[in-house]
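In what follows, a single structure is set out as C-alpha cells and then discussed.
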Amino acid sequence: MDAHEIRNAYLDYQERLGHVRIDRAPLIPRGDGSTLFTGSGMQALLPYLLGEDHPDGTRLTDSQPCVRAQDIDDVGDNRHTTFFEMLGNWSLGDYFKAEQIPAFLSFLVDTVGLDPNRLYVTAFIGDEAAGIPRDDEAASIWQKAFAERGIEAGIVEMGSQADGDARGVQPGERIFFYDGSENWWSRGGSLQATPIGDPCGPDSEVFYDFGPEHHDPSYGAAHPASDSGQFMEIGNQVFMQYRRQEDGSFVELERRNVDFGGGLERIAAAAIHSPDVFRISLLRPIVEQIEQLSGASYEAHTLSMRIIADHLRGATFLAVDGVVPSNKEQGYVMRRLVRRAIREALILGISENFFAELVPTIADLYVDDYPEVRERRDQVVAVLVKEERSFRRTLKGGLKALAAYQGSTLTGADVFLLSDTHGFPRELSVEEAKRQGIEVDPAWEEEFLTALEEQRARSRGATKLGTAGLPHQETPAQQQAQAGQQRPAPGDQG
C-alpha cells in the first residue's frame with residue numbers, strides 16, 4: 001500500500017470501529033499561543049482530553065498535517081521531517097487498552113500488510129516512588145495479541161535508553177518496559193514534570209524492525225528506543241488514566257482516555273520495508289523531479305534533496321493555511337524553510353527559479369485528499385515563486401560576502417553585518433560558514449542580538465535593516481525558541 005492508500009484505509013477502518021471522522025485542524029493553532037504550529041494530532045483535541053464533551057461523541061479519528069520547526073536541523077537523516085501527517089484515533093471515556101491494542105495491531109498486519117514478526121512494542125516500567133505500577137495490563141494484552149498470530153512475545157524490563165544501549169534485544173524478546181523518559185505522557189514531558197491537576201498516563205509505542213543491517217553500532221546495542229537506525233517508531237498509544245494531585249501524588253481518573261498517533265510517512269516506509277521515508281509515495285515524486293531539474297542523483301546528493309523535498313512540502317502546506325513568508329513567528333519559520341531549500345538547490349546546480357515547477361508537483365500529491373489544497377493551489381504557487389525570486393538576489397550577494405571570512409572566525413558582529421548590509425539571514429550565515437569550513441564564534445548569537453538592539457536604539461522609527469528589506473522587528477530569539485521547543489504530545493514521533 002502507498003501512503004495515500006494507507007491514509008484512506010486507516011480512516012475507513014476507524015469508521016468501521018465506530019469513530020467519527022473529524023476535519024483536520026489548521027497548522028496555525030486557534031486560540032493557543034503556546035506553540036507556533038500544530039505539532040501533533042492531539043493538539044486541537046486537548047480540551048476534550050482534559051474533560052470537555054466533544055460535539056461528535058466519544059470516538060474520533062482523523063489525519064492531521066503537522067509542522068515541527070524544532071526538527072529542522074534533523075532533516076537530512078532518513079526519518080525526520082519538519083512536515084508530516086499523524087493518523088489519529090481517540091477514545092474519550094469509551095474503550096481502553098483491551099480494545100485499542102489489538103485494533104492497531106490488526107490494522108498494521110491485516111490492512112497494511114506488515115510482517116508481525118518485525119513489530120516490537122514498549123510499555124511503562126512503573127515508578128514506585130510515584131505509586132504508579134508497571135503497566136502489566138498493556139504488556140499482557142500485547143502478549144496475547146501476538147500469541148494469536150503464532151508469535152511468542154517475551155517480556156523484559158529494559159529500564160532507560162542507556163540501559164537498552166548496554167543490553168540490547170535478546171532472542172525471543174518483543175515487549176519492553178522502559179522508564180518515564182520513554183513511556184510516560186504528560187504535558188510536562190515526563191512523570192516528574194507532570195503539571196498539578198493534569199491527566200497523564202503510560203504509553204505503549206510500536207516499532208518496526210528494518211533488520212540488523214541498518215543498525216549503527218556507535219549507538220550501542222540495538223533496541224527499540226535506540227536511534228541506531230534498526231528500529232523506527234511508527235505509532236504511540238497514550239493511555240490517560242491518572243491525574244496528578246496538589247501533593248504530587250497520582251490518582252486514577254474516572255474517565256480514562258485513549259490517544260493514538262501514528263506517523264503516516266513512517267508506516268508507509270515500513271510498508272515498503274525501507275527505512276528511508278523519502279522513498280514513499282508522498283516524497284519520492286518530489287525527489288525524482290529534483291533529480292530531473294538538477295541532473296544529479298538522489299544517491300549522490302541525498303542530504304540536499306531531502307532538505308529541499310521536506311522544506312518545500314512544509315512551506316506548501318503552510319501557504320495552503322494562509323501563511324506568507326515574513327520576519328515574524330510562523331512567517332519567519334516559513335521563510336527559513338524556503339531559503340534553506342533554495343540554498344540546497346544552488347548546491348545541486350539549480351541556479352534558476354524552480355519553485356514554479358516543483359511546488360505544483362507537491363500540491364498535486366494532496367489535492368485528492370485535502371480539498372483546500374486544490375482550491376488554493378494557484379495562490380500557493382504564486383506566494384512561493386515570489387519569495388524564491390526575491391531571495392535568489394539576496395543569496396548571491398550574501399555568499400560572495402561570506403567568502404571573505406575564509407581563514408578567520410565569524411563573529412556575531414559579522415553575522416549582523418551580513419544581515420544588515422547584504423540581507424543574509426543569520427541562521428543561513430552560520431550554516432553556510434560551517435559548510436565552507438569557516439570557524440564560527442560559539443557566542444555569535446548573543447553578540448548578534450546585542451548589535452541588533454543597538455541598531456534599533458539608534459533608529460526606532462526605521463522600518464528596514466539596510467538593503468535587506470527586513471523589518472527592524474526581526475523575530476527575537478525567544479520567538480525562535482518557541483518555534484523550536486514545542487512540547488512533546490501524545491502520538492509524538494520518536
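Residue numbering restarts at 1 for every chain of the C-alpha cells, chains are lettered A, B, ... in their displayed order, and ligands are numbered from 1 as they appear.
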Name all residues at most 12 Å from Glu427 of chain A (count only C-alpha atoms; drop same-chain ones fewer than 3 positions away) and give them as a PyMOL selection string.
-> chain A and resi 72-73+332-333+335-337+339-340+412+415-416+418-419+423-424+430-434+440+444-445+448+475+477+480
Contact residues around Asp259 of chain A with only C-alpha atoms at 9 Å, ignoring same-chain residues under 3 positions, as a list in words |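 In the requested form, the answer reads Met42, Leu49, Gly88, Asn89, Trp90, Ser91, Leu92, Asn236, Gln237, Val238, Phe239, Met240, Pro490 and Gly491 of chain A.
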Polymer residues at most 10 Å from Ala382 of chain A, only C-alpha atoms, same-chain spacing of 3 or more positions, as a list in words = Ala319, Phe355, Ala356, Val359, Arg377, Asp378, Gln379, Val385, Lys386 and Glu387 of chain A
Compile the contact shell of Lys396 of chain A as a compact mmCIF listing (two decimals) with N, CA, C and O atoms, in the first residue's frame: residues with an atom at most 12 Å away, counting only C-alpha atoms, same-chain residues fewer than 3 positions apart removed.
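Generated file (out-v1.txt):
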```
# COMPACT_ATOMS: atom_id res chain seq x y z
N ILE A 342 16.27 26.77 -1.17
CA ILE A 342 16.92 27.45 -2.29
C ILE A 342 18.43 27.28 -2.22
O ILE A 342 19.10 27.04 -3.24
N ARG A 343 18.98 27.38 -1.02
CA ARG A 343 20.43 27.22 -0.87
C ARG A 343 20.87 25.81 -1.28
O ARG A 343 21.87 25.64 -1.96
N LEU A 346 20.92 25.43 -5.00
CA LEU A 346 22.10 26.03 -5.62
C LEU A 346 23.28 25.07 -5.58
O LEU A 346 24.07 24.98 -6.53
N SER A 351 20.40 26.84 -10.56
CA SER A 351 20.68 28.27 -10.36
C SER A 351 19.53 29.16 -10.77
O SER A 351 19.54 30.36 -10.48
N GLU A 352 18.55 28.59 -11.45
CA GLU A 352 17.40 29.37 -11.87
C GLU A 352 16.20 29.04 -11.00
O GLU A 352 16.18 28.05 -10.27
N ARG A 389 12.12 34.24 -6.06
CA ARG A 389 12.74 35.27 -6.89
C ARG A 389 13.40 36.35 -6.06
O ARG A 389 14.50 36.82 -6.37
N SER A 390 12.75 36.73 -4.99
CA SER A 390 13.30 37.77 -4.11
C SER A 390 14.58 37.30 -3.43
O SER A 390 15.57 38.03 -3.37
N PHE A 391 14.56 36.08 -2.92
CA PHE A 391 15.70 35.63 -2.14
C PHE A 391 16.91 35.27 -3.00
O PHE A 391 18.05 35.39 -2.55
N ARG A 392 16.71 34.85 -4.22
CA ARG A 392 17.86 34.50 -5.06
C ARG A 392 18.78 35.70 -5.26
O ARG A 392 20.00 35.55 -5.31
N ARG A 393 18.22 36.89 -5.34
CA ARG A 393 19.05 38.09 -5.47
C ARG A 393 19.87 38.31 -4.20
O ARG A 393 21.05 38.64 -4.25
N LEU A 399 26.47 35.18 -0.32
CA LEU A 399 27.50 34.15 -0.48
C LEU A 399 28.84 34.77 -0.85
O LEU A 399 29.90 34.34 -0.36
N LYS A 400 28.81 35.77 -1.69
CA LYS A 400 30.05 36.44 -2.09
C LYS A 400 30.70 37.14 -0.89
O LYS A 400 31.91 37.07 -0.69
N ALA A 401 29.88 37.80 -0.08
CA ALA A 401 30.41 38.49 1.09
C ALA A 401 30.94 37.52 2.13
O ALA A 401 31.97 37.76 2.77
N LEU A 402 30.25 36.39 2.31
CA LEU A 402 30.66 35.41 3.31
C LEU A 402 32.01 34.79 2.96
O LEU A 402 32.79 34.43 3.84
N ALA A 403 32.29 34.64 1.69
CA ALA A 403 33.54 34.03 1.26
C ALA A 403 34.76 34.80 1.77
O ALA A 403 35.84 34.23 1.91
N HIS A 422 23.85 42.95 3.62
CA HIS A 422 23.59 42.10 2.46
C HIS A 422 22.26 41.36 2.52
O HIS A 422 21.90 40.65 1.57
N GLY A 423 21.54 41.50 3.65
CA GLY A 423 20.24 40.82 3.75
C GLY A 423 20.36 39.32 3.91
O GLY A 423 19.43 38.59 3.61
N PHE A 424 21.53 38.85 4.39
CA PHE A 424 21.76 37.41 4.52
C PHE A 424 21.24 36.95 5.88
O PHE A 424 21.72 37.41 6.92
```
From a DSSP calculation on the backbone, collect every residue of segment 23-225 of chain A in alpha helix (DSSP H) and output the set as an NGL selection string.
-> :A and (46-49 or 97-106 or 136-147 or 161-167 or 180-183)
Generate a file of the selected residues that holds N, CA and C atoms, formatted as a CSV table (one decimal), in the first residue's frame.
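Writing done, so here's part_33.csv:
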```csv
chain,number,residue,atom,x,y,z
A,46,LEU,N,-7.0,18.7,22.8
A,46,LEU,CA,-6.6,18.8,24.2
A,46,LEU,C,-7.8,19.1,25.1
A,47,PRO,N,-8.6,20.1,24.8
A,47,PRO,CA,-9.7,20.4,25.8
A,47,PRO,C,-10.6,19.2,26.0
A,48,TYR,N,-10.8,18.4,25.0
A,48,TYR,CA,-11.7,17.2,25.2
A,48,TYR,C,-11.0,16.1,25.9
A,49,LEU,N,-9.7,16.0,25.8
A,49,LEU,CA,-8.9,15.0,26.5
A,49,LEU,C,-8.8,15.4,28.0
A,97,LYS,N,-7.5,0.0,26.8
A,97,LYS,CA,-6.3,-0.8,26.3
A,97,LYS,C,-6.8,-2.0,25.6
A,98,ALA,N,-7.7,-2.7,26.2
A,98,ALA,CA,-8.1,-4.0,25.7
A,98,ALA,C,-8.7,-4.0,24.2
A,99,GLU,N,-9.2,-2.8,23.9
A,99,GLU,CA,-9.7,-2.6,22.5
A,99,GLU,C,-8.7,-2.0,21.6
A,100,GLN,N,-8.0,-1.0,22.1
A,100,GLN,CA,-7.0,-0.2,21.3
A,100,GLN,C,-5.9,-1.1,20.8
A,101,ILE,N,-5.2,-1.8,21.6
A,101,ILE,CA,-4.0,-2.5,21.3
A,101,ILE,C,-4.3,-3.5,20.2
A,102,PRO,N,-5.2,-4.5,20.3
A,102,PRO,CA,-5.5,-5.4,19.2
A,102,PRO,C,-5.9,-4.8,17.9
A,103,ALA,N,-6.7,-3.7,18.0
A,103,ALA,CA,-7.2,-3.0,16.9
A,103,ALA,C,-6.0,-2.4,16.0
A,104,PHE,N,-5.1,-1.8,16.7
A,104,PHE,CA,-3.9,-1.2,16.0
A,104,PHE,C,-3.1,-2.3,15.4
A,105,LEU,N,-2.8,-3.4,16.1
A,105,LEU,CA,-2.0,-4.5,15.6
A,105,LEU,C,-2.7,-5.0,14.3
A,106,SER,N,-4.0,-5.2,14.4
A,106,SER,CA,-4.8,-5.7,13.3
A,106,SER,C,-4.7,-4.8,12.0
A,136,ASP,N,1.5,-3.8,33.5
A,136,ASP,CA,1.4,-5.2,33.1
A,136,ASP,C,0.2,-5.5,32.3
A,137,GLU,N,-0.9,-4.6,32.4
A,137,GLU,CA,-2.1,-4.8,31.6
A,137,GLU,C,-1.8,-4.7,30.2
A,138,ALA,N,-1.1,-3.6,29.8
A,138,ALA,CA,-0.8,-3.4,28.3
A,138,ALA,C,0.1,-4.5,27.8
A,139,ALA,N,1.1,-4.9,28.6
A,139,ALA,CA,2.1,-6.0,28.2
A,139,ALA,C,1.3,-7.3,28.0
A,140,SER,N,0.4,-7.6,28.9
A,140,SER,CA,-0.4,-8.8,28.8
A,140,SER,C,-1.3,-8.8,27.6
A,141,ILE,N,-1.9,-7.7,27.3
A,141,ILE,CA,-2.7,-7.6,26.1
A,141,ILE,C,-1.9,-7.8,24.8
A,142,TRP,N,-0.7,-7.2,24.8
A,142,TRP,CA,0.2,-7.3,23.6
A,142,TRP,C,0.6,-8.8,23.5
A,143,GLN,N,1.0,-9.4,24.6
A,143,GLN,CA,1.4,-10.8,24.5
A,143,GLN,C,0.4,-11.7,24.0
A,144,LYS,N,-0.9,-11.5,24.4
A,144,LYS,CA,-2.0,-12.3,23.9
A,144,LYS,C,-2.2,-12.0,22.4
A,145,ALA,N,-2.1,-10.8,22.0
A,145,ALA,CA,-2.4,-10.4,20.6
A,145,ALA,C,-1.3,-11.0,19.7
A,146,PHE,N,0.0,-11.1,20.1
A,146,PHE,CA,1.0,-11.7,19.4
A,146,PHE,C,0.8,-13.2,19.3
A,147,ALA,N,0.4,-13.8,20.5
A,147,ALA,CA,0.2,-15.2,20.6
A,147,ALA,C,-0.8,-15.7,19.6
A,161,GLN,N,17.0,4.4,28.3
A,161,GLN,CA,17.5,4.2,27.0
A,161,GLN,C,19.0,3.8,27.1
A,162,ALA,N,19.7,4.3,28.1
A,162,ALA,CA,21.1,3.9,28.3
A,162,ALA,C,21.2,2.5,28.6
A,163,ASP,N,20.3,2.0,29.5
A,163,ASP,CA,20.2,0.6,29.8
A,163,ASP,C,20.1,-0.3,28.5
A,164,GLY,N,19.2,0.2,27.7
A,164,GLY,CA,19.0,-0.5,26.4
A,164,GLY,C,20.2,-0.5,25.5
A,165,ASP,N,20.9,0.6,25.5
A,165,ASP,CA,22.1,0.7,24.7
A,165,ASP,C,23.2,-0.3,25.2
A,166,ALA,N,23.2,-0.6,26.5
A,166,ALA,CA,24.2,-1.5,27.0
A,166,ALA,C,23.7,-3.0,26.8
A,167,ARG,N,22.4,-3.2,26.9
A,167,ARG,CA,21.9,-4.6,27.0
A,167,ARG,C,21.5,-5.1,25.6
A,180,GLY,N,10.1,6.4,32.7
A,180,GLY,CA,9.2,7.5,32.4
A,180,GLY,C,9.7,8.5,31.4
A,181,SER,N,11.0,8.4,31.0
A,181,SER,CA,11.6,9.3,30.0
A,181,SER,C,11.2,8.7,28.6
A,182,GLU,N,10.7,7.5,28.5
A,182,GLU,CA,10.4,6.9,27.3
A,182,GLU,C,8.9,6.6,27.1
A,183,ASN,N,8.3,6.1,28.2
A,183,ASN,CA,6.9,5.6,28.1
A,183,ASN,C,5.9,6.2,29.1
```
Go through A:Val67, A:Leu428, A:Ala9, A:Ala193 and flag the residue nearest Glu344 of chain A, using only C-alpha atoms for the distances.
-> A:Leu428
